[in-house]
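Novice: Here's a structure for you.
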Amino acid sequence: MNARLKHQIAAYWNTRCRSYSNGTGGFGPEERAVWWDELTIIVTGDTHLRVLDTGTGLGFLALLFAEQGHQVTGLDIAPGMLRGACRNADDLGVSTAFVCGDAEHLPFKAHTFDLVISKYLLWTLPSPDRVLES
Ligand SMILES: C[S@@+](CC[C@H](N)C(=O)[O-])C[C@H]1O[C@@H](n2cnc3c(N)ncnc32)[C@H](O)[C@@H]1O
């Protein structure tokens, strides 16, 4: 994947960071409650998973996991999105690491995370298969 295209993708999402609201209902309490219940069903038992949210955007999934007690890192290619995610983490009073990077070339060693998640990322990628393989 050429660097110019990645730069354009990051620039596009930087322009979206002020208007983006996580796809459908943003951070509204009803949508968050539905996701919260789903996550509780999927992740049971261990309350201290190391979780990576790729294409975290404004941190919707990352922050839900952080609120459930997990150790969460949110990765995104657009710094503007990450700044919004940091603000949302502050508003919620949760501790989450946010890293700027490319989900197709993850800047982490193998076995750094117990769980890798993403929401609404794959459809935005030129090579989604690469993310699933990495
Ligand atoms: C549709 S938004 C989804 C954001 C968030 N996951 C959500 O559900 O609200 C797609 C996000 O993926 C990010 N993104 C796009 N390509 C990426 C890449 N190669 N690596 C990391 N993040 C990427 C964008 O910057 C944007 O924040």
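Going through the structure tokens in order, the chains are called A, B, and so on, while each chain numbers its residues from 1 and the ligands are numbered from 1 in the order shown.
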Write as a ChimeraX atom specification the residues around ligand 1, taking 9 Å as the cut-off and counting only C-alpha atoms and all ligand atoms.

Specialist: /A:6,9-14,16-17,20-24,26,53-62,75-82,100-106,118-128,131

Novice: Taking the backbone alone, and naming residues the way the document does, which bits of chain A are strand (DSSP E or B) by DSSP, as a PyMOL selection string?

Specialist: chain A and resi 50-54+71-76+97-100+102+105+115-118

Novice: So that I can see what lies close to Asp114 of chain A, please list as JSON, numbers by chain the residues with an atom at most 8 Å from it, counting only C-alpha atoms and leaving out residues fewer than 3 positions away in the same chain.

Specialist: {"A": [49, 50, 51, 111]}

Novice: Each residue of segment 20-71 of chain A lying at most 8 Å from segment 90-94 of chain A should get a row with its shortest atom-to-atom pair and the distance in Å to one decimal, counting only C-alpha atoms; could you produce that, ordered by chain and increasing number, as CSV?

Specialist:
```
residue,atom,partner,partner_atom,distance
A:Leu63,CA,A:Val94,CA,7.3
A:Ala66,CA,A:Val94,CA,6.4
A:Glu67,CA,A:Val94,CA,6.4
```

Novice: With only C-alpha atoms as the atoms that count, which of A:Thr47, A:Asn88, A:Thr15, A:Thr73 lies nearest to Phe108 of chain A?

Specialist: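 Of all the options, A:Thr73 lies closest to Phe108 of chain A.
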
Novice: Just give me the gap between atom CA of Ile117 of chain A and atom CA of Ala3 of chain A in Å, one decimal is fine.

Specialist: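 So the two atoms, atom CA of Ile117 of chain A and atom CA of Ala3 of chain A, lie 24.5 Å apart.
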
Novice: Identify, on the basis of only C-alpha atoms, every residue whose closest approach to Gly45 of chain A does not exceed 12 Å; exclude the query and any residue fewer than 5 positions from it along the same chain; express the result as a tab-separated table (two decimals) with C-alpha atoms, in the first residue's frame.

Specialist:
```tsv
chain	number	residue	atom	x	y	z
A	39	LEU	CA	-19.59	-7.05	25.56
A	40	THR	CA	-20.50	-8.49	28.94
A	68	GLN	CA	-15.37	-2.70	32.18
A	69	GLY	CA	-11.92	-2.82	33.78
A	70	HIS	CA	-9.76	-3.96	30.87
```
